[in-house]
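Listing of target-v4.csv, CSV, C-alpha atoms
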chain,number,residue,atom,x,y,z
A,11,TRP,CA,108.8,20.0,67.6
A,12,THR,CA,108.2,23.6,68.4
A,13,SER,CA,107.7,24.4,64.7
A,14,PHE,CA,104.5,22.2,64.8
A,15,ASN,CA,101.2,23.5,66.0
A,16,LYS,CA,99.2,20.9,67.9
A,17,LYS,CA,95.9,22.2,66.6
A,18,GLU,CA,97.1,22.1,63.0
A,19,ILE,CA,98.3,18.5,63.5
A,20,GLU,CA,95.0,17.4,64.9
A,21,GLU,CA,93.2,19.1,62.0
A,22,GLN,CA,95.4,17.3,59.5
A,23,LEU,CA,94.9,14.0,61.3
A,24,ASP,CA,91.1,14.5,61.2
A,25,GLU,CA,91.3,15.2,57.4
A,26,VAL,CA,93.3,12.0,56.8
A,27,ARG,CA,90.9,9.9,58.8
A,28,ALA,CA,88.0,11.4,57.0
A,29,LYS,CA,89.5,10.4,53.7
A,30,LEU,CA,90.2,6.9,55.0
A,31,ASP,CA,86.6,6.6,56.1
A,32,LYS,CA,85.5,7.2,52.5
A,33,LEU,CA,87.6,4.3,51.3
A,34,PRO,CA,86.3,0.7,51.7
A,35,ASP,CA,88.0,-1.5,54.3
A,36,PRO,CA,90.6,-3.9,52.9
A,37,ILE,CA,89.7,-7.5,52.6
A,38,THR,CA,91.3,-9.3,55.5
A,39,GLY,CA,89.2,-12.4,56.0
A,40,ASN,CA,88.8,-15.6,54.1
A,41,PRO,CA,88.4,-14.7,50.4
A,42,GLN,CA,85.5,-17.1,49.7
A,43,PHE,CA,83.7,-16.0,52.8
A,44,GLU,CA,84.1,-12.3,52.0
A,45,LEU,CA,82.9,-12.9,48.4
A,46,ASN,CA,79.8,-14.7,49.6
A,47,ARG,CA,79.1,-11.9,52.1
A,48,MET,CA,79.4,-9.2,49.4
A,49,ILE,CA,77.2,-11.1,47.0
A,50,GLY,CA,74.6,-11.6,49.8
A,51,ASN,CA,74.7,-7.8,50.6
A,52,CYS,CA,74.2,-7.0,47.0
A,53,ALA,CA,71.3,-9.4,46.6
A,54,SER,CA,69.7,-7.9,49.8
A,55,ALA,CA,70.1,-4.4,48.4
A,56,ILE,CA,68.4,-5.4,45.1
A,57,GLU,CA,65.5,-7.1,47.1
A,58,LYS,CA,65.0,-3.9,49.1
A,59,GLU,CA,64.8,-1.9,45.9
A,60,THR,CA,62.1,-4.2,44.5
A,61,LYS,CA,60.1,-4.3,47.7
A,62,GLY,CA,59.8,-0.6,47.6
A,63,GLU,CA,62.1,0.3,50.5
A,64,LYS,CA,63.8,2.7,48.1
A,65,ARG,CA,61.5,4.9,46.1
A,66,ASN,CA,63.5,5.5,43.0
A,67,LEU,CA,62.8,2.1,41.3
A,68,TRP,CA,59.1,2.1,42.0
A,69,ARG,CA,58.7,5.7,41.1
A,70,ASP,CA,60.1,4.9,37.6
A,71,VAL,CA,58.1,1.6,37.4
A,72,ASN,CA,54.8,3.3,38.3
A,73,LYS,CA,55.5,6.0,35.7
A,74,GLU,CA,56.0,3.2,33.1
A,75,PHE,CA,52.7,1.5,34.1
A,76,GLU,CA,50.9,4.9,33.7
A,77,ARG,CA,52.5,5.3,30.3
A,78,PHE,CA,51.4,1.7,29.4
A,79,LYS,CA,47.8,2.4,30.5
A,80,ILE,CA,47.7,5.5,28.2
A,81,GLU,CA,49.3,3.6,25.3
A,82,LEU,CA,46.8,0.8,25.7
A,83,CYS,CA,43.9,3.1,25.9
A,84,SER,CA,45.0,4.8,22.7
A,85,THR,CA,44.0,1.6,20.9
A,86,ARG,CA,40.4,1.9,22.1
A,87,PRO,CA,37.6,2.5,19.6
A,88,ILE,CA,35.1,5.3,19.8
A,89,PHE,CA,31.5,4.3,19.0
A,90,VAL,CA,29.7,6.8,16.8
A,91,VAL,CA,25.9,6.3,16.8
A,92,GLY,CA,23.1,8.8,16.4
A,93,LYS,CA,23.1,12.3,17.7
A,94,LEU,CA,23.1,14.3,20.9
A,95,ARG,CA,20.1,16.5,21.9
A,96,ASP,CA,22.0,19.5,20.5
A,97,GLY,CA,22.2,17.8,17.1
A,98,SER,CA,25.9,17.1,17.2
A,99,THR,CA,27.2,13.6,16.5
A,100,ALA,CA,27.0,11.2,19.5
A,101,LYS,CA,30.4,9.6,20.3
A,102,PHE,CA,30.7,7.0,23.1
A,103,ASP,CA,34.0,6.5,24.8
A,104,VAL,CA,33.8,3.3,27.0
A,105,LEU,CA,37.0,4.3,28.9
A,106,LYS,CA,36.0,7.8,29.7
A,107,GLU,CA,36.2,7.3,33.5
A,108,PHE,CA,39.2,5.1,33.2
A,109,LEU,CA,41.3,8.0,32.0
A,110,ASP,CA,41.8,11.2,34.0
A,111,PRO,CA,39.9,14.1,32.3
A,112,GLU,CA,42.0,16.6,34.2
A,113,THR,CA,45.2,15.5,32.4
A,114,SER,CA,46.3,14.8,28.8
A,115,GLU,CA,45.4,11.2,29.3
A,116,PHE,CA,41.8,11.8,28.4
A,117,ASN,CA,42.8,13.5,25.1
A,118,LEU,CA,45.4,11.0,24.1
A,119,GLY,CA,44.7,9.8,20.6
A,120,LEU,CA,41.9,12.4,20.0
A,121,ASP,CA,44.1,14.9,18.2
A,122,GLU,CA,44.2,15.0,14.5
A,123,SER,CA,47.6,13.3,14.2
A,124,GLU,CA,46.5,10.1,16.0
A,125,PRO,CA,42.7,9.9,15.9
A,126,LEU,CA,41.1,7.0,17.6
A,127,LYS,CA,39.4,4.4,15.4
A,128,GLU,CA,35.7,5.1,15.1
A,129,ILE,CA,33.0,2.3,14.9
A,130,THR,CA,29.7,3.4,13.3
A,131,GLU,CA,26.4,1.7,13.3
A,132,ALA,CA,26.9,1.0,9.6
A,133,ASP,CA,30.2,-0.8,10.4
A,134,ILE,CA,28.4,-3.1,12.8
A,135,GLN,CA,25.6,-3.7,10.3
A,136,ARG,CA,28.2,-4.9,7.7
A,137,ARG,CA,29.7,-7.3,10.2
A,138,ILE,CA,26.3,-8.7,11.0
A,139,ASN,CA,25.4,-9.1,7.4
A,140,ASP,CA,28.8,-10.8,6.7
A,141,ALA,CA,28.3,-13.2,9.6
A,142,ARG,CA,24.6,-13.9,9.3
A,143,GLY,CA,24.6,-17.0,7.0
A,144,ARG,CA,21.4,-18.9,7.7
A,145,HIS,CA,20.4,-16.8,10.8
A,146,LEU,CA,17.0,-15.3,10.6
A,147,PRO,CA,16.7,-11.5,10.7
A,148,GLY,CA,16.7,-10.3,14.3
A,149,PHE,CA,19.2,-13.0,15.4
A,150,ILE,CA,22.6,-11.5,15.8
A,151,PRO,CA,25.5,-13.9,15.0
A,152,TYR,CA,27.9,-14.3,17.9
A,153,SER,CA,30.8,-14.1,15.5
A,154,ALA,CA,29.9,-10.5,14.6
A,155,ALA,CA,30.5,-9.4,18.2
A,156,SER,CA,33.6,-11.7,18.6
A,157,GLU,CA,35.3,-10.3,15.4
A,158,SER,CA,34.5,-6.7,16.4
A,159,ILE,CA,36.3,-7.3,19.7
A,160,LYS,CA,39.3,-9.2,18.3
A,161,ASP,CA,40.1,-6.5,15.8
A,162,PHE,CA,41.0,-4.2,18.6
A,163,GLN,CA,42.5,-6.7,21.0
A,164,GLU,CA,45.2,-7.5,18.5
A,165,LYS,CA,46.5,-3.9,19.1
A,166,TRP,CA,47.1,-4.6,22.8
A,167,LYS,CA,50.2,-6.6,22.1
A,168,ASN,CA,52.6,-3.7,21.4
A,169,PRO,CA,51.7,-1.6,24.5
A,170,ALA,CA,52.3,-4.7,26.7
A,171,PHE,CA,55.6,-5.5,25.1
A,172,HIS,CA,56.8,-1.9,25.3
A,173,CYS,CA,55.9,-1.9,29.0
A,174,LEU,CA,57.9,-5.0,29.8
A,175,SER,CA,60.9,-3.8,27.7
A,176,ASN,CA,60.9,-0.4,29.4
A,177,ILE,CA,60.6,-1.9,32.9
A,178,HIS,CA,63.4,-4.3,32.0
A,179,GLY,CA,65.6,-1.2,31.3
A,180,ILE,CA,64.6,0.3,34.7
A,181,MET,CA,65.5,-2.9,36.5
A,182,SER,CA,68.8,-3.3,34.6
A,183,LYS,CA,69.8,0.2,35.7
A,184,ALA,CA,68.9,-0.5,39.3
A,185,VAL,CA,70.8,-3.8,39.3
A,186,GLU,CA,73.9,-2.4,37.7
A,187,GLU,CA,74.0,0.5,40.2
A,188,SER,CA,73.7,-2.0,43.1
A,189,ILE,CA,76.5,-4.1,41.7
A,190,GLU,CA,78.7,-1.1,41.0
A,191,ALA,CA,78.2,0.2,44.6
A,192,ARG,CA,79.5,-3.0,46.1
A,193,PHE,CA,81.9,-4.4,43.6
A,194,ASP,CA,83.3,-1.4,41.7
A,195,ARG,CA,86.7,-1.6,43.5
A,196,PHE,CA,87.2,-5.2,42.2
A,197,PRO,CA,87.9,-4.8,38.4
A,198,LEU,CA,87.6,-8.5,37.6
A,199,LEU,CA,84.6,-9.1,39.9
A,200,VAL,CA,82.4,-6.2,38.9
A,201,GLY,CA,82.3,-7.2,35.2
A,202,LEU,CA,81.5,-10.8,36.1
A,203,MET,CA,78.7,-9.8,38.5
A,204,LYS,CA,77.2,-7.4,36.0
A,205,HIS,CA,77.2,-10.0,33.2
A,206,ASN,CA,75.6,-12.7,35.2
A,207,ALA,CA,73.1,-10.4,36.9
A,208,ILE,CA,71.9,-9.0,33.6
A,209,LYS,CA,71.8,-12.5,32.1
A,210,TRP,CA,69.5,-13.7,34.8
A,211,LEU,CA,67.4,-10.5,34.4
A,212,GLU,CA,67.1,-11.3,30.7
A,213,GLU,CA,65.9,-14.9,31.5
A,214,CYS,CA,63.2,-13.5,33.8
A,215,LYS,CA,62.2,-11.1,31.0
A,216,LYS,CA,61.8,-13.9,28.5
A,217,GLU,CA,59.7,-15.9,31.0
A,218,THR,CA,57.5,-12.9,31.6
A,219,LEU,CA,57.1,-12.3,27.9
A,220,GLU,CA,55.8,-15.8,27.5
A,221,ARG,CA,53.3,-15.2,30.2
A,222,LEU,CA,52.2,-12.0,28.6
A,223,LYS,CA,51.7,-13.8,25.3
A,224,PHE,CA,49.6,-16.4,27.0
A,225,ASN,CA,47.5,-13.7,28.6
A,226,MET,CA,47.0,-12.1,25.2
A,227,SER,CA,46.1,-15.4,23.6
A,228,MET,CA,43.4,-15.9,26.3
A,229,GLU,CA,42.0,-12.4,25.7
A,230,SER,CA,41.9,-12.7,21.9
A,231,SER,CA,40.7,-16.3,21.6
A,232,HIS,CA,37.0,-15.8,22.5
A,233,PRO,CA,35.3,-13.1,24.6
A,234,PHE,CA,34.7,-14.4,28.0
A,235,THR,CA,34.0,-13.2,31.5
A,236,LEU,CA,32.4,-14.5,34.7
A,237,ASP,CA,31.5,-11.0,35.7
A,238,VAL,CA,27.9,-11.3,34.3
A,239,GLY,CA,26.6,-8.6,36.5
A,240,SER,CA,29.0,-5.9,35.2
A,241,MET,CA,28.3,-7.0,31.6
A,242,PHE,CA,24.5,-6.9,32.1
A,243,VAL,CA,24.5,-3.5,33.9
A,244,GLY,CA,26.9,-2.1,31.4
A,245,LYS,CA,25.0,-3.3,28.4
A,246,ILE,CA,21.7,-2.0,29.7
A,247,ALA,CA,23.1,1.4,30.4
A,248,TYR,CA,24.8,1.6,27.0
A,249,LEU,CA,21.8,0.3,25.1
A,250,ALA,CA,19.6,3.0,26.7
A,251,ALA,CA,22.1,5.7,25.7
A,252,LEU,CA,22.4,4.4,22.2
A,253,GLN,CA,18.6,4.2,21.7
A,254,GLU,CA,18.3,7.8,22.9
A,255,ALA,CA,21.1,8.9,20.5
A,256,VAL,CA,19.3,7.1,17.6
A,257,ARG,CA,16.0,8.8,18.4
A,258,ASN,CA,17.8,12.2,18.4
A,259,ASP,CA,18.8,11.5,14.8
A,260,ASN,CA,15.7,12.5,13.0
A,261,ASP,CA,13.6,10.4,15.3
A,262,ARG,CA,14.9,7.1,13.9
A,263,GLN,CA,13.8,3.9,15.4
A,264,PRO,CA,16.4,1.8,17.2
A,265,SER,CA,17.6,-1.3,15.3
A,266,ASP,CA,18.8,-4.7,16.5
A,267,ASN,CA,22.3,-3.5,15.8
A,268,LEU,CA,22.3,-1.4,18.9
A,269,ASP,CA,22.0,-4.6,21.0
A,270,LEU,CA,25.3,-5.8,19.6
A,271,ILE,CA,27.0,-2.4,19.9
A,272,ALA,CA,25.9,-2.2,23.6
A,273,ALA,CA,27.3,-5.7,24.3
A,274,VAL,CA,30.6,-4.9,22.5
A,275,MET,CA,30.9,-1.6,24.4
A,276,ALA,CA,30.3,-3.3,27.8
A,277,TYR,CA,32.8,-6.0,27.1
A,278,PHE,CA,35.4,-3.6,25.8
A,279,LYS,CA,35.2,-1.6,29.1
A,280,LEU,CA,35.5,-4.8,31.2
A,281,SER,CA,38.3,-6.4,29.1
A,282,PHE,CA,40.4,-3.3,28.8
A,283,LYS,CA,40.7,-2.8,32.5
A,284,ARG,CA,41.2,-6.5,33.1
A,285,PHE,CA,44.0,-6.7,30.6
A,286,ALA,CA,45.7,-3.6,31.9
A,287,ASP,CA,45.8,-5.1,35.4
A,288,SER,CA,46.8,-8.5,34.2
A,289,VAL,CA,49.8,-7.1,32.3
A,290,ALA,CA,51.0,-5.0,35.3
A,291,MET,CA,50.5,-7.8,37.8
A,292,THR,CA,52.3,-10.3,35.5
A,293,ILE,CA,55.3,-8.0,35.2
A,294,VAL,CA,55.4,-7.4,38.9
A,295,HIS,CA,55.0,-11.0,39.9
A,296,ALA,CA,57.0,-12.8,37.2
A,297,PHE,CA,59.7,-10.2,36.7
A,298,ILE,CA,60.2,-7.7,39.4
A,299,ASP,CA,59.3,-10.0,42.4
A,300,LYS,CA,60.9,-13.2,41.0
A,301,TYR,CA,64.3,-11.7,40.1
A,302,PRO,CA,65.6,-10.9,43.6
A,303,LYS,CA,64.5,-14.2,45.0
A,304,SER,CA,67.1,-16.1,43.0
A,305,VAL,CA,69.7,-13.5,42.2
A,306,TYR,CA,72.0,-14.5,45.1
A,307,GLU,CA,72.0,-18.1,44.1
A,308,LYS,CA,72.6,-17.2,40.4
A,309,LEU,CA,75.5,-14.9,41.2
A,310,LEU,CA,77.1,-17.3,43.6
A,311,MET,CA,76.7,-20.4,41.3
A,312,SER,CA,78.1,-18.4,38.3
A,313,ILE,CA,81.4,-18.2,40.3
A,314,ILE,CA,81.4,-21.8,41.5
A,315,ASP,CA,80.4,-23.2,38.1
A,316,GLY,CA,82.9,-21.0,36.4
A,317,GLY,CA,85.8,-22.2,38.5
A,318,TYR,CA,87.0,-18.7,39.4
A,319,ASP,CA,89.6,-18.1,42.1
A,320,ALA,CA,88.1,-16.0,44.9
A,321,ASN,CA,91.6,-14.5,45.6
A,322,GLU,CA,91.8,-13.2,42.1
A,323,LEU,CA,88.3,-11.9,42.0
A,324,ILE,CA,88.6,-9.8,45.1
A,325,GLN,CA,91.9,-8.1,44.1
A,326,GLU,CA,91.2,-4.5,44.5
A,327,ASP,CA,91.8,-1.7,42.0
A,328,ASN,CA,95.4,-0.7,42.5
A,329,THR,CA,94.6,3.0,42.8
A,330,ILE,CA,92.5,2.2,45.8
A,331,VAL,CA,95.2,0.1,47.4
A,332,VAL,CA,97.8,2.8,46.9
A,333,ALA,CA,95.6,5.6,48.1
A,334,ARG,CA,94.7,3.6,51.3
A,335,GLU,CA,98.3,2.8,52.0
A,336,GLU,CA,99.4,6.4,51.5
A,337,LEU,CA,96.7,7.6,53.9
A,338,PHE,CA,97.6,4.9,56.5
A,339,GLN,CA,101.2,6.0,56.4
A,340,HIS,CA,100.3,9.7,56.6
A,341,GLU,CA,98.0,9.0,59.5
A,342,LYS,CA,100.8,7.1,61.2
A,343,ARG,CA,103.2,10.0,60.8
A,344,MET,CA,100.7,12.6,62.0
A,345,GLN,CA,99.9,10.5,65.0
A,346,GLU,CA,103.6,10.1,65.9
A,347,VAL,CA,104.1,13.9,65.7
A,348,LEU,CA,101.0,14.5,67.8
A,349,ASP,CA,102.1,12.0,70.4
A,350,ASP,CA,105.5,13.7,70.6
A,351,LEU,CA,103.9,17.1,71.0
A,352,VAL,CA,101.8,15.8,73.9
A,353,ARG,CA,104.8,14.0,75.5
A,354,PHE,CA,106.9,17.2,75.5
A,355,GLY,CA,104.0,19.4,76.5
A,356,VAL,CA,104.2,21.5,73.4
Show me, as C-alpha cells, the structure contained in the file I just sent.
Amino acid sequence: WTSFNKKEIEEQLDEVRAKLDKLPDPITGNPQFELNRMIGNCASAIEKETKGEKRNLWRDVNKEFERFKIELCSTRPIFVVGKLRDGSTAKFDVLKEFLDPETSEFNLGLDESEPLKEITEADIQRRINDARGRHLPGFIPYSAASESIKDFQEKWKNPAFHCLSNIHGIMSKAVEESIEARFDRFPLLVGLMKHNAIKWLEECKKETLERLKFNMSMESSHPFTLDVGSMFVGKIAYLAALQEAVRNDNDRQPSDNLDLIAAVMAYFKLSFKRFADSVAMTIVHAFIDKYPKSVYEKLLMSIIDGGYDANELIQEDNTIVVAREELFQHEKRMQEVLDDLVRFGV
C-alpha cells in the first residue's frame, strides 16, 4: 500500500462522490408510489412557475402582454377634424396616454409602412347620411355611432388570438422543461408525460379561445358600458377640443357631427382599455391559472386509464444505470484502499 498516497485517494474518493451526487438516486421503493410522488413533484413545480415563484415564465408572459397591447393599439383609428392653432391638421389619438410616449409604443403604426386608419368629419357625415332614414336633421342615428365602432372592433380578434397562441407556446416550453427535469432519465415515461401534459394544455387553450370569442362577441354586438361618468367626462372633453379645432379651420361653425365623433372617441378609449384587460385576465384565469390545478390529476389518470405498468415506466436509461454502478464500484474500491491505508498507518 506504500505506493498509494492517502491524500490522493481521498481526493479521488471526493471526485467519485461528487459525480454520484449529480446522478439521481435509484428507484428503490414501491414503483407506483414513486411514480405518484414524481408526478406530484412535477405538478408542484409547474404550479410554482405559474404562481410567479420563478421569474422566467412571467417575464416572458408579461412581454407577450405588452406586445399584445401594442398590436391591439395599432388597430386604433386617428380622428382627423379641423386644424390646430398653428394651422396644421388636428389629429386626435384617443389612446395617447395609454401608450408610452418615451418608447416606440407611441409611434407604432404611425410610420408610412403601417399608417393608422384615419376617420375624418366627412366620413362620419357619410355614415350619418346613410343611417338617417326618417330621422330629422339634428337627430343623430344610433346606428351611425354603432357601425363606426364595430368597424374597428372587428380588428381586435387577431391581436387577442396571437396573444393566446404565443402564451401557449411559452407555457408549453415551461411545462416540457419541468417534465424533462424530472422524468428525463425514464425514456418511456418522459414521452408519455410530455404527450399528456401538452394535450391538457391544448384543451385549456381551446377553452380559453372560446372565452375570448365570447368576450369579442360581447364587445362587437352593441356598444355598452355602465361607466356613464367616464363616457360623459370623456365626451365633453373631446367635444370641446373638436369644436376648437373646427373653429381654427377658417372659423367654421361646429356641426352636429362633432357630437357623434366625441361620443365615438370616448367609447373607443373606454372599450380599448376594457378589452385589453379582459383578454389578459381571461388568459391568466382560464389558461395559466387553470392548467396547474388539474395537471397532476390529468397526468396520473393518463397512466391509470392507459393501463401502463409502473415498473416498466420507471425503468431508467441504461447509460445512467451503468454510470451509477461503475461509480458505486469505484467508490467501494477507493474506500477499501483508504481503510487499508488508515489501518496500516500509511
Expressed in Å to a single decimal, how great is the separation between CA of Glu44 in chain A and CA of Leu323 in chain A?
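Result for CA of Glu44 in chain A versus CA of Leu323 in chain A: 10.9 Å, one decimal.
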Could you tell me how far CA of Ala247 in chain A sits from CA of Glu76 in chain A, in Å to one decimal place?
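CA of Ala247 in chain A lies 28.2 Å from CA of Glu76 in chain A.
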Set the distance at 12 Å and use all atoms listed in the file: which residues neighbour Glu307 in chain A once local chain neighbours fewer than 3 positions away are removed? I'd like the list as a list in words.
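Residues meeting the cut-off are Asn46, Ile49, Gly50, Cys52, Ala53, Ser54, Asn206, Ala207, Trp210, Tyr301, Pro302, Lys303, Ser304, Leu310, Met311, Ser312, Ile313, Ile314 and Asp315 of chain A.
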If we count all atoms listed in the file, what is near Ala141 in chain A at a cut-off of 8 Å, once residues fewer than 6 positions away on the same chain are taken out, given as JSON, numbers by chain?
{"A": [151, 153, 154]}
Return the single residue from A:Met203, A:Ala255, A:Asp299, A:Ser230 that is closest to Val90 in chain A, with distances computed using all atoms listed in the file.
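Checking each of A:Met203, A:Ala255, A:Asp299, A:Ser230 against Val90 in chain A, counting all atoms listed in the file, the winner is A:Ala255.
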Within 7 Å of range 171-179 of chain A, counting all atoms listed in the file, which residues qualify if same-chain residues fewer than 4 places away don't, as an NGL selection string?
:A and (71 or 74-75 or 78 or 167 or 183 or 215 or 293)
Interatomic distance (Å, one decimal) between CA of Glu128 in chain A and CA of Thr99 in chain A:
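If I compute the distance from CA of Glu128 in chain A to CA of Thr99 in chain A, I get 12.1 Å.
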I'd like to know which of A:Val243, A:Ile208, A:Ile298, A:Val256 is closest to Thr60 in chain A, using only C-alpha atoms.
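Nearest candidate to Thr60 in chain A out of A:Val243, A:Ile208, A:Ile298, A:Val256: A:Ile298.
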Might you pull out every residue within 10 Å of range 263-272 of chain A, with all atoms listed in the file counted and same-chain residues fewer than 6 positions away left off, and present them as number ranges by chain?
A: 89, 91-92, 129-135, 138, 147-152, 154-155, 158, 241-242, 244-257, 278
Would you output that residue set with C-alpha atoms, as a tab-separated table (two decimals), in the coordinates of the input?
chain	number	residue	atom	x	y	z
A	89	PHE	CA	31.50	4.30	19.00
A	91	VAL	CA	25.90	6.30	16.80
A	92	GLY	CA	23.10	8.80	16.40
A	129	ILE	CA	33.00	2.30	14.90
A	130	THR	CA	29.70	3.40	13.30
A	131	GLU	CA	26.40	1.70	13.30
A	132	ALA	CA	26.90	1.00	9.60
A	133	ASP	CA	30.20	-0.80	10.40
A	134	ILE	CA	28.40	-3.10	12.80
A	135	GLN	CA	25.60	-3.70	10.30
A	138	ILE	CA	26.30	-8.70	11.00
A	147	PRO	CA	16.70	-11.50	10.70
A	148	GLY	CA	16.70	-10.30	14.30
A	149	PHE	CA	19.20	-13.00	15.40
A	150	ILE	CA	22.60	-11.50	15.80
A	151	PRO	CA	25.50	-13.90	15.00
A	152	TYR	CA	27.90	-14.30	17.90
A	154	ALA	CA	29.90	-10.50	14.60
A	155	ALA	CA	30.50	-9.40	18.20
A	158	SER	CA	34.50	-6.70	16.40
A	241	MET	CA	28.30	-7.00	31.60
A	242	PHE	CA	24.50	-6.90	32.10
A	244	GLY	CA	26.90	-2.10	31.40
A	245	LYS	CA	25.00	-3.30	28.40
A	246	ILE	CA	21.70	-2.00	29.70
A	247	ALA	CA	23.10	1.40	30.40
A	248	TYR	CA	24.80	1.60	27.00
A	249	LEU	CA	21.80	0.30	25.10
A	250	ALA	CA	19.60	3.00	26.70
A	251	ALA	CA	22.10	5.70	25.70
A	252	LEU	CA	22.40	4.40	22.20
A	253	GLN	CA	18.60	4.20	21.70
A	254	GLU	CA	18.30	7.80	22.90
A	255	ALA	CA	21.10	8.90	20.50
A	256	VAL	CA	19.30	7.10	17.60
A	257	ARG	CA	16.00	8.80	18.40
A	278	PHE	CA	35.40	-3.60	25.80
